[in-house]
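Next comes protein_0.cif, a file with mmCIF, C-alpha atoms and all ligand atoms.
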data_model
#
loop_
_atom_site.label_atom_id
_atom_site.label_comp_id
_atom_site.auth_asym_id
_atom_site.auth_seq_id
_atom_site.Cartn_x
_atom_site.Cartn_y
_atom_site.Cartn_z
CA MET A 1323 109.16 -56.10 8.57
CA THR A 1324 106.46 -56.28 11.23
CA GLU A 1325 103.84 -53.58 11.25
CA ARG A 1326 104.81 -50.71 13.57
CA LEU A 1327 102.38 -48.94 15.85
CA VAL A 1328 102.99 -45.20 15.75
CA LEU A 1329 101.59 -42.41 17.94
CA VAL A 1330 101.07 -39.02 16.29
CA THR A 1331 100.16 -36.07 18.52
CA GLY A 1332 98.56 -33.09 16.76
CA ALA A 1333 97.15 -35.61 14.27
CA ALA A 1334 94.23 -33.40 13.23
CA GLY A 1335 96.50 -30.49 12.32
CA PHE A 1336 97.97 -29.49 8.98
CA LEU A 1337 101.26 -31.39 9.20
CA GLY A 1338 100.05 -34.04 11.67
CA SER A 1339 97.33 -35.20 9.28
CA HIS A 1340 99.70 -35.33 6.30
CA LEU A 1341 102.12 -37.32 8.46
CA CYS A 1342 99.37 -39.83 9.39
CA ASP A 1343 98.66 -40.32 5.66
CA ALA A 1344 102.34 -40.92 4.89
CA LEU A 1345 102.78 -43.39 7.78
CA LEU A 1346 99.68 -45.36 6.76
CA ALA A 1347 100.90 -45.37 3.15
CA GLN A 1348 104.19 -46.97 4.24
CA GLY A 1349 102.33 -49.70 6.15
CA ASP A 1350 102.32 -48.46 9.77
CA ARG A 1351 99.36 -48.56 12.13
CA VAL A 1352 98.67 -45.10 13.56
CA ILE A 1353 97.08 -43.78 16.74
CA GLY A 1354 96.29 -40.08 16.30
CA VAL A 1355 95.59 -37.77 19.23
CA ASP A 1356 94.65 -34.10 19.21
CA ASN A 1357 92.72 -31.76 21.52
CA LEU A 1358 91.28 -30.03 18.42
CA CYS A 1359 92.15 -26.53 19.67
CA THR A 1360 93.45 -25.64 16.20
CA GLY A 1361 93.21 -28.95 14.34
CA THR A 1362 90.03 -30.20 12.72
CA LEU A 1363 88.55 -33.66 12.21
CA GLU A 1364 87.93 -32.72 8.57
CA ASN A 1365 91.67 -33.25 8.04
CA LEU A 1366 91.17 -36.92 9.04
CA SER A 1367 87.70 -37.58 7.61
CA HIS A 1368 89.11 -39.54 4.65
CA LEU A 1369 90.53 -42.07 7.16
CA SER A 1370 87.19 -42.94 8.75
CA ASN A 1371 87.16 -46.40 7.12
CA GLU A 1372 90.88 -47.03 7.62
CA SER A 1373 91.18 -49.94 10.08
CA ARG A 1374 94.88 -49.21 10.74
CA PHE A 1375 94.05 -45.71 12.02
CA SER A 1376 92.40 -44.72 15.28
CA PHE A 1377 91.80 -41.28 16.74
CA GLU A 1378 91.32 -40.05 20.26
CA GLN A 1379 90.56 -36.53 21.44
CA THR A 1380 93.23 -36.09 24.08
CA ASP A 1381 94.96 -33.07 25.57
CA ILE A 1382 98.59 -34.15 25.91
CA ILE A 1383 99.35 -31.59 28.63
CA TYR A 1384 97.99 -34.27 31.01
CA PRO A 1385 99.89 -37.57 31.33
CA PHE A 1386 98.36 -40.26 29.11
CA ASP A 1387 99.19 -43.81 28.11
CA PRO A 1388 98.31 -45.12 24.65
CA GLY A 1389 99.75 -48.57 25.48
CA HIS A 1390 102.78 -49.99 23.71
CA VAL A 1391 103.90 -47.95 20.70
CA ASP A 1392 107.03 -48.25 18.56
CA PHE A 1393 107.42 -44.59 17.67
CA VAL A 1394 106.10 -41.21 18.81
CA PHE A 1395 105.80 -38.17 16.52
CA ASN A 1396 105.12 -35.09 18.65
CA MET A 1397 103.45 -32.62 16.28
CA ALA A 1398 101.02 -31.01 18.75
CA SER A 1399 101.04 -27.23 19.15
CA PRO A 1400 99.21 -24.19 17.89
CA ALA A 1401 101.61 -23.08 15.15
CA SER A 1402 100.46 -19.93 13.38
CA PRO A 1403 101.35 -16.62 15.07
CA VAL A 1404 97.66 -15.66 15.28
CA ASP A 1405 96.75 -18.98 16.95
CA TYR A 1406 99.63 -19.20 19.40
CA MET A 1407 99.17 -15.60 20.51
CA ARG A 1408 95.44 -16.26 21.06
CA LEU A 1409 96.25 -19.54 22.89
CA GLY A 1410 99.39 -18.33 24.67
CA ILE A 1411 99.16 -20.33 27.90
CA GLU A 1412 97.98 -23.46 26.07
CA THR A 1413 100.99 -23.12 23.76
CA LEU A 1414 103.38 -22.84 26.73
CA LEU A 1415 101.81 -25.92 28.32
CA VAL A 1416 101.80 -28.15 25.25
CA GLY A 1417 105.42 -27.23 24.54
CA SER A 1418 106.51 -28.08 28.09
CA ALA A 1419 104.28 -30.58 29.96
CA GLY A 1420 102.99 -31.96 26.64
CA THR A 1421 106.46 -32.67 25.30
CA ILE A 1422 107.57 -34.27 28.58
CA ASN A 1423 104.47 -36.52 28.51
CA THR A 1424 105.32 -37.77 25.00
CA LEU A 1425 108.93 -38.37 26.04
CA GLU A 1426 107.73 -40.41 29.05
CA ILE A 1427 105.75 -42.63 26.65
CA ALA A 1428 108.82 -43.15 24.45
CA LYS A 1429 110.92 -43.94 27.53
CA LYS A 1430 108.35 -46.38 28.96
CA TYR A 1431 107.97 -48.39 25.74
CA GLY A 1432 111.50 -48.03 24.34
CA ALA A 1433 109.95 -46.20 21.39
CA GLY A 1434 111.66 -43.77 19.01
CA HIS A 1435 110.66 -40.12 19.38
CA LEU A 1436 110.60 -37.24 16.92
CA HIS A 1437 109.73 -33.74 18.06
CA ALA A 1438 108.52 -31.03 15.69
CA SER A 1439 110.65 -28.03 16.53
CA THR A 1440 110.83 -24.81 14.59
CA SER A 1441 112.91 -22.15 12.89
CA GLU A 1442 111.44 -19.83 15.55
CA CYS A 1443 114.18 -21.22 17.83
CA TYR A 1444 116.43 -18.85 15.86
CA GLY A 1445 114.14 -15.87 16.61
CA ASP A 1446 115.03 -12.81 14.51
CA PRO A 1447 118.27 -14.39 13.32
CA LEU A 1448 121.61 -12.59 13.25
CA VAL A 1449 123.15 -15.48 11.29
CA HIS A 1450 121.90 -15.97 7.73
CA PRO A 1451 121.08 -18.54 6.39
CA GLN A 1452 120.35 -20.30 9.69
CA VAL A 1453 122.60 -23.22 10.62
CA GLU A 1454 121.64 -25.64 13.39
CA SER A 1455 124.66 -24.59 15.48
CA TYR A 1456 123.26 -21.03 15.77
CA TRP A 1457 121.68 -20.45 19.21
CA GLY A 1458 119.28 -17.79 18.06
CA ASN A 1459 118.11 -14.28 18.89
CA VAL A 1460 114.83 -14.69 20.75
CA ASN A 1461 112.91 -12.15 22.83
CA PRO A 1462 112.00 -14.22 25.92
CA ILE A 1463 109.04 -12.03 26.93
CA GLY A 1464 107.73 -10.71 23.60
CA PRO A 1465 104.42 -11.72 21.96
CA ARG A 1466 106.06 -14.64 20.11
CA SER A 1467 107.79 -15.93 23.26
CA VAL A 1468 104.92 -18.26 24.23
CA TYR A 1469 105.73 -20.27 21.12
CA ASP A 1470 109.47 -19.70 20.77
CA GLU A 1471 110.41 -20.41 24.37
CA ALA A 1472 108.06 -23.43 24.64
CA LYS A 1473 109.71 -24.88 21.54
CA ARG A 1474 113.16 -24.13 22.96
CA PHE A 1475 112.20 -25.76 26.27
CA SER A 1476 110.98 -28.77 24.28
CA GLU A 1477 114.36 -29.05 22.58
CA ALA A 1478 116.06 -29.03 25.99
CA ALA A 1479 113.65 -31.73 27.22
CA VAL A 1480 114.24 -33.91 24.15
CA ALA A 1481 118.02 -33.54 24.49
CA ALA A 1482 117.77 -34.43 28.21
CA TYR A 1483 115.70 -37.59 27.63
CA HIS A 1484 118.32 -38.68 25.13
CA ARG A 1485 121.21 -37.78 27.45
CA TYR A 1486 119.83 -39.12 30.73
CA HIS A 1487 117.56 -41.93 29.58
CA GLY A 1488 119.00 -42.96 26.20
CA VAL A 1489 115.70 -42.36 24.39
CA ASN A 1490 116.14 -42.53 20.59
CA THR A 1491 115.15 -38.90 19.99
CA HIS A 1492 115.05 -36.74 16.86
CA LEU A 1493 114.61 -32.98 16.51
CA VAL A 1494 113.39 -31.40 13.30
CA ARG A 1495 113.48 -27.60 12.98
CA ILE A 1496 110.64 -26.89 10.60
CA PHE A 1497 110.71 -23.75 8.45
CA ASN A 1498 107.58 -22.14 6.92
CA THR A 1499 105.52 -24.89 5.33
CA TYR A 1500 102.31 -24.67 3.31
CA GLY A 1501 99.87 -26.72 1.30
CA PRO A 1502 96.36 -28.16 1.42
CA ARG A 1503 94.82 -28.39 4.94
CA LEU A 1504 96.40 -25.17 6.19
CA GLN A 1505 93.59 -23.52 8.11
CA PRO A 1506 92.20 -20.92 5.69
CA ASN A 1507 91.85 -18.38 8.52
CA ASP A 1508 95.05 -19.05 10.48
CA GLY A 1509 96.47 -15.63 9.61
CA ARG A 1510 99.59 -17.01 7.98
CA VAL A 1511 100.93 -15.35 4.90
CA ILE A 1512 100.18 -18.10 2.35
CA SER A 1513 96.67 -18.80 3.64
CA ASN A 1514 95.83 -15.09 3.95
CA LEU A 1515 97.13 -14.15 0.50
CA MET A 1516 95.59 -17.15 -1.30
CA MET A 1517 92.19 -16.58 0.33
CA GLN A 1518 92.30 -12.82 -0.32
CA ALA A 1519 93.31 -13.30 -3.97
CA LEU A 1520 90.54 -15.87 -4.53
CA ARG A 1521 87.95 -13.62 -2.87
CA GLY A 1522 89.08 -10.68 -5.01
CA GLU A 1523 90.08 -8.73 -1.90
CA PRO A 1524 93.28 -6.68 -1.47
CA LEU A 1525 96.32 -8.66 -0.31
CA THR A 1526 97.56 -7.59 3.14
CA ILE A 1527 101.30 -6.94 3.30
CA TYR A 1528 102.70 -6.35 6.78
CA GLY A 1529 105.46 -3.73 6.94
CA ASP A 1530 106.95 -2.88 3.54
CA GLY A 1531 106.99 -6.55 2.47
CA SER A 1532 110.80 -6.67 2.29
CA GLN A 1533 111.05 -9.27 5.08
CA THR A 1534 111.84 -12.75 3.76
CA ARG A 1535 110.63 -16.29 4.29
CA SER A 1536 111.55 -19.59 2.64
CA PHE A 1537 108.52 -21.73 1.88
CA CYS A 1538 108.51 -25.53 1.87
CA TYR A 1539 105.69 -27.57 0.34
CA CYS A 1540 104.14 -30.07 2.76
CA SER A 1541 105.06 -33.27 0.87
CA ASP A 1542 108.76 -32.29 0.89
CA LEU A 1543 108.56 -31.56 4.61
CA ILE A 1544 106.94 -34.91 5.44
CA ASP A 1545 109.55 -36.75 3.36
CA GLY A 1546 112.30 -35.02 5.37
CA ILE A 1547 110.64 -35.86 8.70
CA LEU A 1548 110.27 -39.55 7.80
CA ARG A 1549 113.92 -39.76 6.74
CA LEU A 1550 115.03 -38.12 10.00
CA SER A 1551 112.88 -40.53 12.05
CA ARG A 1552 114.69 -43.49 10.44
CA SER A 1553 118.15 -42.00 11.02
CA ASP A 1554 120.52 -42.21 13.98
CA GLU A 1555 120.70 -38.41 14.25
CA HIS A 1556 119.81 -36.91 17.63
CA ASP A 1557 120.89 -33.30 17.13
CA PRO A 1558 118.56 -30.76 15.46
CA VAL A 1559 118.16 -30.90 11.69
CA ASN A 1560 116.68 -28.04 9.63
CA ILE A 1561 114.01 -29.12 7.17
CA GLY A 1562 112.84 -26.34 4.88
CA ASN A 1563 113.19 -24.99 1.38
CA PRO A 1564 116.19 -22.65 1.01
CA ASP A 1565 114.56 -20.65 -1.83
CA GLU A 1566 114.08 -17.29 -0.12
CA PHE A 1567 111.37 -14.80 -1.10
CA THR A 1568 110.42 -11.35 0.13
CA ILE A 1569 106.77 -11.18 1.16
CA LEU A 1570 106.19 -8.88 -1.85
CA GLU A 1571 107.63 -11.53 -4.20
CA CYS A 1572 105.45 -14.13 -2.50
CA ALA A 1573 102.37 -11.94 -3.07
CA ARG A 1574 103.24 -11.60 -6.76
CA GLU A 1575 103.50 -15.41 -7.09
CA VAL A 1576 100.09 -15.79 -5.43
CA LEU A 1577 98.49 -13.22 -7.77
CA SER A 1578 99.96 -14.97 -10.80
CA VAL A 1579 98.91 -18.50 -9.72
CA VAL A 1580 95.37 -17.39 -8.85
CA GLY A 1581 95.15 -15.13 -11.93
CA SER A 1582 94.02 -12.27 -9.70
CA ARG A 1583 94.38 -8.52 -10.08
CA SER A 1584 93.89 -7.76 -6.39
CA GLU A 1585 95.76 -4.73 -5.06
CA LEU A 1586 98.25 -4.79 -2.22
CA VAL A 1587 97.45 -2.97 1.03
CA PHE A 1588 100.18 -2.28 3.57
CA LYS A 1589 99.55 -2.90 7.29
CA PRO A 1590 101.78 -2.43 10.34
CA LEU A 1591 104.53 -5.00 10.87
CA PRO A 1592 103.76 -7.13 13.96
CA GLN A 1593 106.19 -6.80 16.90
CA ASP A 1594 109.30 -9.03 16.70
CA ASP A 1595 108.40 -10.22 13.19
CA PRO A 1596 111.66 -11.82 11.97
CA THR A 1597 113.23 -9.79 9.15
CA ARG A 1598 114.63 -12.78 7.29
CA ARG A 1599 114.55 -16.53 7.41
CA ARG A 1600 116.23 -19.16 5.29
CA PRO A 1601 117.44 -22.61 6.27
CA ASN A 1602 120.91 -23.93 5.65
CA ILE A 1603 120.01 -27.54 4.76
CA ALA A 1604 123.52 -28.99 4.43
CA ARG A 1605 122.93 -31.33 7.39
CA ALA A 1606 119.67 -32.68 5.96
CA GLN A 1607 121.37 -33.16 2.60
CA THR A 1608 124.38 -35.07 3.96
CA LEU A 1609 122.76 -36.97 6.84
CA LEU A 1610 119.42 -37.80 5.20
CA GLY A 1611 120.04 -37.40 1.47
CA TRP A 1612 117.12 -34.97 1.54
CA SER A 1613 116.46 -31.88 -0.59
CA PRO A 1614 113.14 -30.22 -1.39
CA THR A 1615 111.80 -30.74 -4.91
CA VAL A 1616 108.70 -28.50 -5.09
CA THR A 1617 109.15 -24.83 -6.07
CA LEU A 1618 106.94 -22.11 -4.55
CA ARG A 1619 105.13 -21.68 -7.87
CA ASP A 1620 104.50 -25.41 -8.18
CA GLY A 1621 103.36 -25.74 -4.55
CA LEU A 1622 100.96 -22.80 -4.84
CA GLU A 1623 99.47 -24.43 -7.95
CA ARG A 1624 99.05 -27.69 -6.03
CA SER A 1625 97.32 -25.75 -3.20
CA LEU A 1626 94.97 -23.78 -5.45
CA GLU A 1627 92.18 -26.36 -5.57
CA TYR A 1628 92.13 -26.64 -1.76
CA PHE A 1629 91.90 -22.87 -1.17
CA THR A 1630 89.30 -22.56 -3.95
CA ARG A 1631 87.18 -25.12 -2.06
CA CYS A 1632 87.66 -23.14 1.19
CA VAL A 1633 86.34 -19.97 -0.47
CA ALA A 1634 83.40 -21.88 -1.99
CA HIS A 1635 82.64 -23.30 1.47
CA GLU A 1636 82.70 -19.77 2.92
CA ASN A 1637 80.32 -18.51 0.24
CA ALA A 1638 77.94 -21.43 0.81
CA HIS A 1639 77.77 -20.56 4.53
CA ALA A 1640 77.65 -16.77 4.13
N1 LIG A 1701 102.45 -11.50 6.56
C1 LIG A 1701 101.95 -10.54 5.68
N2 LIG A 1701 100.62 -10.55 5.40
C2 LIG A 1701 99.75 -11.43 5.95
C3 LIG A 1701 100.25 -12.42 6.86
C4 LIG A 1701 101.62 -12.41 7.14
O1 LIG A 1701 102.71 -9.72 5.14
O2 LIG A 1701 98.54 -11.36 5.65
C5 LIG A 1701 103.90 -11.54 6.84
C6 LIG A 1701 104.28 -11.59 8.31
O3 LIG A 1701 104.38 -10.29 8.86
C7 LIG A 1701 105.62 -12.29 8.25
C8 LIG A 1701 105.49 -13.24 7.05
O4 LIG A 1701 104.41 -12.74 6.29
O5 LIG A 1701 106.66 -11.39 7.97
C9 LIG A 1701 105.19 -14.68 7.44
O6 LIG A 1701 104.17 -14.67 8.40
P1 LIG A 1701 103.44 -15.97 8.91
O7 LIG A 1701 102.38 -15.52 9.84
O8 LIG A 1701 103.03 -16.82 7.75
O9 LIG A 1701 104.53 -16.81 9.70
P2 LIG A 1701 105.92 -16.49 10.46
O10 LIG A 1701 106.97 -16.89 9.50
O11 LIG A 1701 105.99 -15.03 10.80
O12 LIG A 1701 105.85 -17.34 11.67
#
Rewritten as structure tokens:
Amino acid sequence: MTERLVLVTGAAGFLGSHLCDALLAQGDRVIGVDNLCTGTLENLSHLSNESRFSFEQTDIIYPFDPGHVDFVFNMASPASPVDYMRLGIETLLVGSAGTINTLEIAKKYGAGHLHASTSECYGDPLVHPQVESYWGNVNPIGPRSVYDEAKRFSEAAVAAYHRYHGVNTHLVRIFNTYGPRLQPNDGRVISNLMMQALRGEPLTIYGDGSQTRSFCYCSDLIDGILRLSRSDEHDPVNIGNPDEFTILECAREVLSVVGSRSELVFKPLPQDDPTRRRPNIARAQTLLGWSPTVTLRDGLERSLEYFTRCVAHENAHA
């Protein structure tokens, strides 16, 4: 097989950088682009001597042309609630103009295209677990709408480029994912709780902690994305771990993995915070032969060294 040239947008982010690693490991050449609004070059520093990888600081909301590529992975967007609410307009733009620009590249070069969509398309879901055929329950003007509606627009754009232009598109709906390279201060539940437990601070629980999430370890997620990119499937596919935890259960796992006795403190529940979330992964199982293999406990253990380094880094710069 000849070496493919692959474009990854959002390459300096949590999932984008893990995806670059996986593509390089399977023999592809990779062009990574990122505007670094939430990503960091530290996530790519281990690739500085990798001749099959190049990086360019590019904001994909403006049309750009990387030259001929065989495949485009569109991973670019602020993704944690704290980041996308801080960067609301940027999030709307990257999920609209940015997505169209990546689709234009795929169309121009006859390249495959995979777009990173999200379980947020389901909003605060009235169907549980969430199946891909569910259209969702999204507040179009609430604080999360800058992310949710941009991602929903992106799905419409991807479907249209497939329908009108025959682009070989793929849509993955990503559920909560965690692991090394999550920004330690992105405000997400796993990063917050791990950092708080390691610092010996109280763990912040929003609401009463009875809301649920289903957490997927990053290596499982990347495996699912790669399988989808090689498939003939154009409709959305959920990739996530169906093991569902309340936030209180998640906090207990974190305390146990860190070996911490931190207390829990309860804070107000953010507006429109989904009450439950769990993927139905039957389509991924049948179409891609994919199932997650890493339990929450196992994944938190694998993430411990990374978050321990983040806390040490903080202390060194205090
Ligand atoms: N959460 C929490 N404490 C925190 C951060 C988040 O209880 O320090 C809750 C949040 O209210 C939500 C869940 O954990 O119900 C997951 O939040 P996250 O920001 O990780 O992502 P979301 O799934 O909401 O996009």
Skip Lys1473 (chain A) itself and residues of its chain fewer than 4 positions away, then list as a list of chain:residue names all residues within 9 Å of it, counting all atoms listed in the file.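 Non-adjacent residues within range: A:Leu1414, A:Gly1417, A:Ser1418, A:Ala1438, A:Ser1439, A:Thr1440, A:Glu1442, A:Cys1443, A:Val1468, A:Tyr1469, A:Glu1477, A:Ala1478.
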Selection as a list of chain:residue names: residues within 6 Å of ligand LIG 1701 (chain A) by all atoms listed in the file: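 Those residues are A:Ser1402, A:Pro1403, A:Asn1498, A:Gly1509, A:Arg1510, A:Val1511, A:Asn1514, A:Thr1526, A:Ile1527, A:Tyr1528, A:Gly1531, A:Gln1533, A:Ile1569, A:Leu1591, A:Asp1595.
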When you count all atoms listed in the file, which of these residues is closest to Val1480 (chain A): A:Glu1454, A:Asp1557, A:Asp1530, A:Glu1627?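 Closest residue, counting all atoms listed in the file: A:Asp1557.
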Please, which residues in region 1411-1439 of chain A fall within 12 Å of region 1351-1368 of chain A when counting all atoms listed in the file, and what is the closest atom pair and distance in Å to one decimal for each, ordered by chain then residue number, as JSON lines?
{"residue": "A:Glu1412", "atom": "CA", "partner": "A:Cys1359", "partner_atom": "CA", "distance": 9.2}
{"residue": "A:Thr1413", "atom": "CA", "partner": "A:Cys1359", "partner_atom": "CA", "distance": 10.3}
{"residue": "A:Val1416", "atom": "CA", "partner": "A:Asn1357", "partner_atom": "CA", "distance": 10.5}
{"residue": "A:Gly1420", "atom": "CA", "partner": "A:Asp1356", "partner_atom": "CA", "distance": 11.4}
{"residue": "A:Thr1424", "atom": "CA", "partner": "A:Val1355", "partner_atom": "CA", "distance": 11.3}
Between CA of Phe1395 (chain A) and CA of Gly1434 (chain A), distance in Å (one decimal):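 Result for CA of Phe1395 (chain A) versus CA of Gly1434 (chain A): 8.5 Å, one decimal.
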Which value, in Å to one decimal, gives the distance between CA of Pro1592 (chain A) and CA of Leu1520 (chain A)? 24.4 Å
Residue nearest His1556 (chain A) among A:Arg1495, A:His1484, A:His1639, A:Lys1430 (counting only C-alpha atoms): A:His1484
Could you produce a table of the residues of region 1597-1618 of chain A lying within 8 Å of region 1540-1544 of chain A, with the nearest pair of atoms per residue and their separation in Å rounded to one decimal, using only C-alpha atoms, ordered by chain and increasing residue number, as CSV?
residue,atom,partner,partner_atom,distance
A:Ser1613,CA,A:Asp1542,CA,7.9
A:Pro1614,CA,A:Asp1542,CA,5.4
A:Thr1615,CA,A:Asp1542,CA,6.7
A:Val1616,CA,A:Asp1542,CA,7.1
Do a neighbour search on region 1461-1466 of chain A at 7 Å with only C-alpha atoms, toss out local chain neighbours closer than 4 positions, and write the hits as a PyMOL selection string. chain A and resi 1407+1470-1471
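Atom to atom, CA of Leu1618 (chain A) and CA of Gly1501 (chain A) stand 10.3 Å apart.
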Can you work out which one of A:Asn1507, A:Thr1617, A:Asn1602, A:Asn1459 has the shortest atom-to-atom distance to Asp1446 (chain A), counting only C-alpha atoms?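 Among A:Asn1507, A:Thr1617, A:Asn1602, A:Asn1459, it is A:Asn1459 that comes nearest to Asp1446 (chain A).
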Given the choices A:Ser1455, A:Ser1441, A:Asn1490, A:Ser1399, which gets closest to Ile1561 (chain A) if the distance is worked out from only C-alpha atoms?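 Once distances to Ile1561 (chain A) are computed over only C-alpha atoms, the minimum belongs to A:Ser1441.
In this comparison, which uses all atoms listed in the file, the residue of A:Ser1339, A:Asn1563, A:Thr1597, A:Thr1380 approaching Pro1447 (chain A) most closely is A:Thr1597.
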